[in-house]
file run.pdb (PDB, C-alpha atoms)
ATOM      1  CA  MET A  35      56.951-153.391  91.335
ATOM      2  CA  GLU A  36      53.784-155.089  92.401
ATOM      3  CA  CYS A  37      52.389-158.016  90.464
ATOM      4  CA  ARG A  38      49.245-158.446  92.644
ATOM      5  CA  GLU A  39      47.960-161.570  90.873
ATOM      6  CA  LEU A  40      48.981-163.691  87.908
ATOM      7  CA  ILE A  41      46.640-166.305  86.468
ATOM      8  CA  VAL A  42      48.676-169.328  85.388
ATOM      9  CA  ASP A  43      45.780-171.452  84.139
ATOM     10  CA  GLU A  44      42.311-172.569  85.264
ATOM     11  CA  ASP A  45      43.789-174.372  88.303
ATOM     12  CA  ILE A  46      46.705-172.164  89.366
ATOM     13  CA  ARG A  47      46.971-168.541  90.366
ATOM     14  CA  LEU A  48      49.872-166.629  91.861
ATOM     15  CA  LYS A  49      48.890-163.975  94.389
ATOM     16  CA  GLU A  50      51.353-161.525  95.843
ATOM     17  CA  ILE A  51      51.609-162.472  99.527
ATOM     18  CA  GLY A  52      49.681-160.524 102.129
ATOM     19  CA  LEU A  53      48.844-160.821 105.810
ATOM     20  CA  GLU A  54      45.839-162.974 104.875
ATOM     21  CA  ASP A  55      48.305-165.688 103.755
ATOM     22  CA  VAL A  56      50.295-165.876 107.002
ATOM     23  CA  GLU A  57      48.310-168.703 108.594
ATOM     24  CA  ALA A  58      48.393-170.886 105.466
ATOM     25  CA  ILE A  59      52.124-170.315 104.941
ATOM     26  CA  PHE A  60      53.020-171.049 108.554
ATOM     27  CA  SER A  61      50.761-174.079 108.958
ATOM     28  CA  THR A  62      52.158-175.633 105.768
ATOM     29  CA  ILE A  63      55.739-175.125 106.951
ATOM     30  CA  ASP A  64      54.896-176.308 110.470
ATOM     31  CA  ASN A  65      53.087-179.445 109.256
ATOM     32  CA  GLU A  66      55.798-180.351 106.729
ATOM     33  CA  ARG A  67      58.989-179.468 108.587
ATOM     34  CA  SER A  68      60.767-182.686 107.720
ATOM     35  CA  TYR A  69      59.852-182.594 104.035
ATOM     36  CA  LEU A  70      60.430-178.872 103.434
ATOM     37  CA  GLY A  71      63.424-178.667 105.766
ATOM     38  CA  GLU A  72      65.478-181.039 103.637
ATOM     39  CA  TRP A  73      66.278-178.243 101.136
ATOM     40  CA  LEU A  74      64.987-175.024 102.712
ATOM     41  CA  PRO A  75      67.213-173.573 105.428
ATOM     42  CA  PHE A  76      64.568-171.087 106.645
ATOM     43  CA  VAL A  77      62.272-173.887 107.866
ATOM     44  CA  ASP A  78      64.317-174.291 111.077
ATOM     45  CA  LEU A  79      64.037-170.533 111.693
ATOM     46  CA  THR A  80      60.257-170.501 111.254
ATOM     47  CA  ASN A  81      59.406-171.383 114.846
ATOM     48  CA  ASP A  82      56.048-169.690 115.300
ATOM     49  CA  ILE A  83      53.404-167.836 113.345
ATOM     50  CA  GLY A  84      55.004-164.556 114.421
ATOM     51  CA  SER A  85      58.100-165.296 112.344
ATOM     52  CA  THR A  86      55.906-165.819 109.275
ATOM     53  CA  ARG A  87      53.934-162.657 110.054
ATOM     54  CA  ARG A  88      57.237-160.710 110.261
ATOM     55  CA  PHE A  89      58.404-162.228 106.955
ATOM     56  CA  VAL A  90      55.198-161.119 105.208
ATOM     57  CA  ALA A  91      55.164-157.677 106.902
ATOM     58  CA  ASP A  92      58.806-157.095 105.913
ATOM     59  CA  TYR A  93      57.896-158.003 102.344
ATOM     60  CA  LEU A  94      54.888-155.657 102.318
ATOM     61  CA  ASN A  95      57.068-152.828 103.660
ATOM     62  CA  SER A  96      59.845-153.415 101.107
ATOM     63  CA  ASP A  97      60.344-151.656  97.786
ATOM     64  CA  ARG A  98      58.971-154.838  96.152
ATOM     65  CA  ILE A  99      61.591-155.067  93.457
ATOM     66  CA  ASN A 100      61.685-158.682  94.598
ATOM     67  CA  ILE A 101      58.349-160.462  94.295
ATOM     68  CA  THR A 102      56.901-163.205  96.491
ATOM     69  CA  CYS A 103      53.667-164.913  95.482
ATOM     70  CA  ALA A 104      51.501-167.491  97.172
ATOM     71  CA  VAL A 105      50.711-170.360  94.831
ATOM     72  CA  TYR A 106      47.059-171.331  94.925
ATOM     73  CA  TYR A 107      46.006-174.596  93.307
ATOM     74  CA  LYS A 108      42.237-174.900  92.917
ATOM     75  CA  ASP A 109      41.923-172.083  95.490
ATOM     76  CA  THR A 110      44.017-173.937  98.101
ATOM     77  CA  PHE A 111      47.390-172.637  99.275
ATOM     78  CA  ALA A 112      50.144-174.859  97.852
ATOM     79  CA  GLY A 113      53.439-172.989  98.316
ATOM     80  CA  LEU A 114      55.447-169.911  97.397
ATOM     81  CA  VAL A 115      57.269-168.767  94.278
ATOM     82  CA  GLY A 116      59.199-165.560  93.888
ATOM     83  CA  LEU A 117      61.950-163.467  92.406
ATOM     84  CA  LYS A 118      64.847-162.461  94.641
ATOM     85  CA  ASP A 119      68.204-160.703  94.425
ATOM     86  CA  THR A 120      66.748-158.688  91.561
ATOM     87  CA  ASP A 121      69.304-156.377  89.967
ATOM     88  CA  LEU A 122      67.502-154.067  87.551
ATOM     89  CA  ALA A 123      70.722-152.227  86.633
ATOM     90  CA  ASN A 124      72.135-155.486  85.261
ATOM     91  CA  LYS A 125      68.700-156.824  84.234
ATOM     92  CA  LYS A 126      68.837-160.074  86.178
ATOM     93  CA  THR A 127      66.979-161.879  88.950
ATOM     94  CA  GLU A 128      66.782-165.267  90.654
ATOM     95  CA  ILE A 129      63.686-167.441  90.941
ATOM     96  CA  GLY A 130      62.984-169.505  94.030
ATOM     97  CA  TYR A 131      60.077-171.652  95.158
ATOM     98  CA  TRP A 132      58.745-174.301  97.478
ATOM     99  CA  LEU A 133      55.690-176.493  97.244
ATOM    100  CA  SER A 134      53.794-178.490  99.814
ATOM    101  CA  GLU A 135      54.364-182.242  99.554
ATOM    102  CA  THR A 136      50.604-182.665  99.034
ATOM    103  CA  PHE A 137      50.788-180.843  95.703
ATOM    104  CA  GLN A 138      53.867-182.515  94.221
ATOM    105  CA  HIS A 139      53.856-184.203  90.787
ATOM    106  CA  LYS A 140      51.103-182.048  89.258
ATOM    107  CA  GLY A 141      53.320-179.633  87.293
ATOM    108  CA  ILE A 142      52.312-176.780  89.591
ATOM    109  CA  ILE A 143      55.811-175.404  90.184
ATOM    110  CA  THR A 144      56.914-175.737  86.568
ATOM    111  CA  ARG A 145      53.821-173.870  85.332
ATOM    112  CA  SER A 146      54.046-171.268  88.122
ATOM    113  CA  CYS A 147      57.726-170.619  87.427
ATOM    114  CA  LYS A 148      57.073-170.285  83.712
ATOM    115  CA  LYS A 149      54.446-167.609  84.391
ATOM    116  CA  LEU A 150      56.713-165.699  86.780
ATOM    117  CA  ILE A 151      59.658-165.972  84.376
ATOM    118  CA  ASP A 152      57.466-164.499  81.633
ATOM    119  CA  TYR A 153      56.580-161.677  84.055
ATOM    120  CA  ALA A 154      60.277-161.098  84.785
ATOM    121  CA  PHE A 155      61.188-160.860  81.109
ATOM    122  CA  GLU A 156      58.156-158.941  79.848
ATOM    123  CA  ILE A 157      57.192-156.655  82.759
ATOM    124  CA  LEU A 158      60.406-156.242  84.743
ATOM    125  CA  GLY A 159      62.522-156.195  81.594
ATOM    126  CA  VAL A 160      65.257-158.507  82.864
ATOM    127  CA  ASN A 161      67.500-160.394  80.484
ATOM    128  CA  ARG A 162      68.571-163.232  82.789
ATOM    129  CA  VAL A 163      66.768-165.400  85.332
ATOM    130  CA  GLN A 164      68.913-167.590  87.541
ATOM    131  CA  LEU A 165      67.866-170.649  89.539
ATOM    132  CA  LYS A 166      69.971-172.272  92.264
ATOM    133  CA  ALA A 167      69.393-175.758  93.635
ATOM    134  CA  ALA A 168      71.378-177.956  95.977
ATOM    135  CA  THR A 169      73.398-180.437  93.939
ATOM    136  CA  GLU A 170      71.498-183.337  95.514
ATOM    137  CA  ASN A 171      68.067-181.724  95.027
ATOM    138  CA  THR A 172      67.195-183.578  91.837
ATOM    139  CA  LYS A 173      63.561-182.369  91.791
ATOM    140  CA  SER A 174      64.609-178.722  91.473
ATOM    141  CA  GLY A 175      67.219-179.645  88.879
ATOM    142  CA  LYS A 176      64.480-181.267  86.805
ATOM    143  CA  VAL A 177      62.295-178.161  87.123
ATOM    144  CA  ALA A 178      65.185-176.081  85.745
ATOM    145  CA  GLU A 179      65.634-178.466  82.826
ATOM    146  CA  ARG A 180      61.900-178.527  81.991
ATOM    147  CA  LEU A 181      61.931-174.727  81.901
ATOM    148  CA  GLY A 182      64.886-174.630  79.500
ATOM    149  CA  PHE A 183      67.503-173.363  81.941
ATOM    150  CA  GLY A 184      71.111-174.148  81.107
ATOM    151  CA  PHE A 185      73.489-175.524  83.724
ATOM    152  CA  GLU A 186      76.341-173.074  84.339
ATOM    153  CA  GLY A 187      78.338-174.519  87.212
ATOM    154  CA  ILE A 188      78.582-175.244  90.930
ATOM    155  CA  GLU A 189      78.616-172.680  93.720
ATOM    156  CA  ARG A 190      80.641-174.516  96.343
ATOM    157  CA  ASP A 191      79.301-174.237  99.904
ATOM    158  CA  GLY A 192      76.662-171.897  98.493
ATOM    159  CA  GLU A 193      74.032-172.297 101.195
ATOM    160  CA  LEU A 194      74.123-173.037 104.912
ATOM    161  CA  HIS A 195      71.661-175.694 106.069
ATOM    162  CA  ASN A 196      71.215-177.239 109.503
ATOM    163  CA  ARG A 197      73.481-180.099 108.364
ATOM    164  CA  GLY A 198      76.220-177.748 107.138
ATOM    165  CA  PHE A 199      77.047-176.076 103.857
ATOM    166  CA  VAL A 200      75.694-177.520 100.618
ATOM    167  CA  ASP A 201      76.917-176.975  97.076
ATOM    168  CA  LEU A 202      74.476-175.352  94.663
ATOM    169  CA  LYS A 203      73.955-175.983  90.973
ATOM    170  CA  ILE A 204      73.587-172.715  89.077
ATOM    171  CA  PHE A 205      71.141-172.660  86.177
ATOM    172  CA  ALA A 206      70.285-169.665  83.992
ATOM    173  CA  LEU A 207      67.764-168.737  81.336
ATOM    174  CA  LEU A 208      68.207-165.772  78.991
ATOM    175  CA  LYS A 209      65.277-163.857  77.563
ATOM    176  CA  LYS A 210      66.219-164.720  73.964
ATOM    177  CA  ASP A 211      66.253-168.447  74.795
ATOM    178  CA  PHE A 212      62.919-168.244  76.623
ATOM    179  CA  ILE A 213      61.246-166.387  73.747
ATOM    180  CA  SER A 214      62.571-168.775  71.094
ATOM    181  CA  ALA A 215      61.344-171.793  73.101
ATOM    182  CA  ASN A 216      57.846-170.388  73.618
TER     183      ASN A 216
END
call {"tool": "encode", "arguments": {"input": "run.pdb", "output": "structure tokens"}}
result
Amino acid sequence: MECRELIVDEDIRLKEIGLEDVEAIFSTIDNERSYLGEWLPFVDLTNDIGSTRRFVADYLNSDRINITCAVYYKDTFAGLVGLKDTDLANKKTEIGYWLSETFQHKGIITRSCKKLIDYAFEILGVNRVQLKAATENTKSGKVAERLGFGFEGIERDGELHNRGFVDLKIFALLKKDFISAN
């Protein structure tokens, strides 16, 4: 299911990724390896622009049940937000995101996630959106809390990083809770 573009507000738009975004995605990752690599295991695997081009091409050639959007803030690329591990039979998905250090502390990710969560509930028809964050990644934990996600538990050794396995906090938001809060 394609979302093409979602307007979050006058400053933020989410655009389904395309080959035209490859350079911006790669240069952001390449210029912010230390910052982004702290919590994103794929940063170490993104060695050249070709790896980003393959990532985008694989996405474009997929069934697009999962959605990946470039986040544009005032028409400048700021990061990615998307839905992954979507299970339409069980009406659930997981939201993930990353944002350039330059654009932190502006509410961009919280607002972008809220828009994509609304899309997941209203257009995709899911009942549950899950968010996972490393236990020590307090910024992502705060995003989950601001969005009304409930903490459900710890997935031990849930993700392999360059420094070894990290535990993940599991947060979830149900459609009925999202609707009643908005």
call {"tool": "resolve_selection", "arguments": {"input": "run.pdb", "expression": "the PyMOL selection byres ((chain A and resi 159-176) around 7)", "output": "list in words"}}
result
Leu122, Lys125, Lys126, Thr127, Glu128, Ile129, Gly130, Ala154, Phe155, Glu156, Ile157, Leu158, Val177, Ala178, Glu179, Arg180, Val200, Asp201, Leu202, Lys203, Ile204, Phe205, Ala206, Leu207, Leu208 and Lys209 of chain A
call {"tool": "axis_aligned_box", "arguments": {"input": "run.pdb", "around": "region 150-168 of chain A", "padding_each_side": "3 Å", "output": "lines of an AutoDock Vina configuration file"}}
result
center_x = 64.0
center_y = -167.1
center_z = 87.9
size_x = 20.8
size_y = 27.8
size_z = 22.1
call {"tool": "resolve_selection", "arguments": {"input": "run.pdb", "expression": "the PyMOL selection byres ((chain A and resi 73-86) around 9)", "output": "ChimeraX atom specification"}}
result
/A:56-57,59-61,63-64,67-72,87-91,132,167-168,171,193-196
call {"tool": "resolve_selection", "arguments": {"input": "run.pdb", "expression": "the PyMOL selection byres ((chain A and resi 46-49) around 8)", "output": "PDB file with C-alpha atoms, keeping the file's coordinate frame"}}
result
ATOM      1  CA  CYS A  37      52.389-158.016  90.464  1.00  0.00           C
ATOM      2  CA  ARG A  38      49.245-158.446  92.644  1.00  0.00           C
ATOM      3  CA  GLU A  39      47.960-161.570  90.873  1.00  0.00           C
ATOM      4  CA  LEU A  40      48.981-163.691  87.908  1.00  0.00           C
ATOM      5  CA  ILE A  41      46.640-166.305  86.468  1.00  0.00           C
ATOM      6  CA  VAL A  42      48.676-169.328  85.388  1.00  0.00           C
ATOM      7  CA  ASP A  43      45.780-171.452  84.139  1.00  0.00           C
ATOM      8  CA  GLU A  44      42.311-172.569  85.264  1.00  0.00           C
ATOM      9  CA  ASP A  45      43.789-174.372  88.303  1.00  0.00           C
ATOM     10  CA  GLU A  50      51.353-161.525  95.843  1.00  0.00           C
ATOM     11  CA  ILE A  51      51.609-162.472  99.527  1.00  0.00           C
ATOM     12  CA  CYS A 103      53.667-164.913  95.482  1.00  0.00           C
ATOM     13  CA  ALA A 104      51.501-167.491  97.172  1.00  0.00           C
ATOM     14  CA  VAL A 105      50.711-170.360  94.831  1.00  0.00           C
ATOM     15  CA  TYR A 106      47.059-171.331  94.925  1.00  0.00           C
ATOM     16  CA  TYR A 107      46.006-174.596  93.307  1.00  0.00           C
ATOM     17  CA  LYS A 108      42.237-174.900  92.917  1.00  0.00           C
ATOM     18  CA  ASP A 109      41.923-172.083  95.490  1.00  0.00           C
ATOM     19  CA  ILE A 142      52.312-176.780  89.591  1.00  0.00           C
ATOM     20  CA  SER A 146      54.046-171.268  88.122  1.00  0.00           C
TER      21      SER A 146
END
call {"tool": "residues_around", "arguments": {"input": "run.pdb", "residues": "Asn216 (chain A)", "least_positions_apart": "6", "cutoff": "12 Å", "atoms": "all atoms listed in the file", "output": "MDAnalysis selection string"}}
result
chainID A and resid 148:149 151:152 181:182 209:210
call {"tool": "atom_distance", "arguments": {"input": "run.pdb", "atom1": "CA of Leu117 (chain A)", "atom2": "CA of Ser96 (chain A)"}}
result
13.5 Å
call {"tool": "atom_distance", "arguments": {"input": "run.pdb", "atom1": "CA of Thr62 (chain A)", "atom2": "CA of Lys140 (chain A)"}}
result
17.7 Å
call {"tool": "atom_distance", "arguments": {"input": "run.pdb", "atom1": "CA of Leu133 (chain A)", "atom2": "CA of Glu66 (chain A)"}}
result
10.2 Å
call {"tool": "closest_residue", "arguments": {"input": "run.pdb", "among": "A:Asn95, A:Thr120, A:Thr102, A:Thr110", "to": "Ser134 (chain A)", "atoms": "all atoms listed in the file"}}
result
A:Thr110
call {"tool": "closest_residue", "arguments": {"input": "run.pdb", "among": "A:Arg190, A:Arg98, A:Arg197, A:His139", "to": "Gly116 (chain A)", "atoms": "only C-alpha atoms"}}
result
A:Arg98
call {"tool": "build_atoms", "arguments": {"input": "run.pdb", "residues": "region 90-113 of chain A", "atoms": "N, CA and C atoms", "output": "compact mmCIF listing (two decimals), keeping the file's coordinate frame"}}
result
# COMPACT_ATOMS: atom_id res chain seq x y z
N VAL A 90 56.17 -161.73 106.12
CA VAL A 90 55.20 -161.12 105.21
C VAL A 90 55.17 -159.60 105.40
N ALA A 91 55.18 -159.13 106.64
CA ALA A 91 55.16 -157.68 106.90
C ALA A 91 56.41 -157.01 106.33
N ASP A 92 57.57 -157.65 106.49
CA ASP A 92 58.81 -157.10 105.91
C ASP A 92 58.69 -157.01 104.40
N TYR A 93 58.10 -158.03 103.79
CA TYR A 93 57.90 -158.00 102.34
C TYR A 93 56.98 -156.84 101.96
N LEU A 94 55.86 -156.70 102.65
CA LEU A 94 54.89 -155.66 102.32
C LEU A 94 55.47 -154.26 102.50
N ASN A 95 56.43 -154.12 103.41
CA ASN A 95 57.07 -152.83 103.66
C ASN A 95 58.32 -152.60 102.82
N SER A 96 58.65 -153.54 101.95
CA SER A 96 59.84 -153.42 101.11
C SER A 96 59.52 -152.62 99.84
N ASP A 97 60.54 -152.37 99.05
CA ASP A 97 60.34 -151.66 97.79
C ASP A 97 59.71 -152.56 96.73
N ARG A 98 59.61 -153.82 96.99
CA ARG A 98 58.97 -154.84 96.15
C ARG A 98 59.59 -154.96 94.77
N ILE A 99 60.88 -154.72 94.68
CA ILE A 99 61.59 -155.07 93.46
C ILE A 99 61.62 -156.58 93.36
N ASN A 100 61.81 -157.22 94.51
CA ASN A 100 61.68 -158.68 94.60
C ASN A 100 60.20 -159.00 94.79
N ILE A 101 59.77 -160.12 94.27
CA ILE A 101 58.35 -160.46 94.30
C ILE A 101 58.18 -161.82 94.96
N THR A 102 57.23 -161.92 95.88
CA THR A 102 56.90 -163.21 96.49
C THR A 102 55.41 -163.44 96.33
N CYS A 103 55.07 -164.57 95.74
CA CYS A 103 53.67 -164.91 95.48
C CYS A 103 53.29 -166.23 96.15
N ALA A 104 52.09 -166.24 96.70
CA ALA A 104 51.50 -167.49 97.17
C ALA A 104 50.97 -168.22 95.94
N VAL A 105 51.22 -169.52 95.91
CA VAL A 105 50.71 -170.36 94.83
C VAL A 105 49.41 -170.98 95.33
N TYR A 106 48.34 -170.73 94.60
CA TYR A 106 47.06 -171.33 94.92
C TYR A 106 46.69 -172.31 93.82
N TYR A 107 46.43 -173.55 94.23
CA TYR A 107 46.01 -174.60 93.31
C TYR A 107 44.56 -174.93 93.64
N LYS A 108 43.68 -174.70 92.70
CA LYS A 108 42.24 -174.90 92.92
C LYS A 108 41.78 -174.20 94.20
N ASP A 109 42.25 -172.97 94.36
CA ASP A 109 41.92 -172.08 95.49
C ASP A 109 42.44 -172.56 96.84
N THR A 110 43.40 -173.48 96.86
CA THR A 110 44.02 -173.94 98.10
C THR A 110 45.49 -173.56 98.08
N PHE A 111 45.98 -173.02 99.19
CA PHE A 111 47.39 -172.64 99.28
C PHE A 111 48.27 -173.87 99.06
N ALA A 112 49.27 -173.73 98.18
CA ALA A 112 50.14 -174.86 97.85
C ALA A 112 51.62 -174.57 98.08
N GLY A 113 52.03 -173.31 98.14
CA GLY A 113 53.44 -172.99 98.32
C GLY A 113 53.73 -171.55 97.95
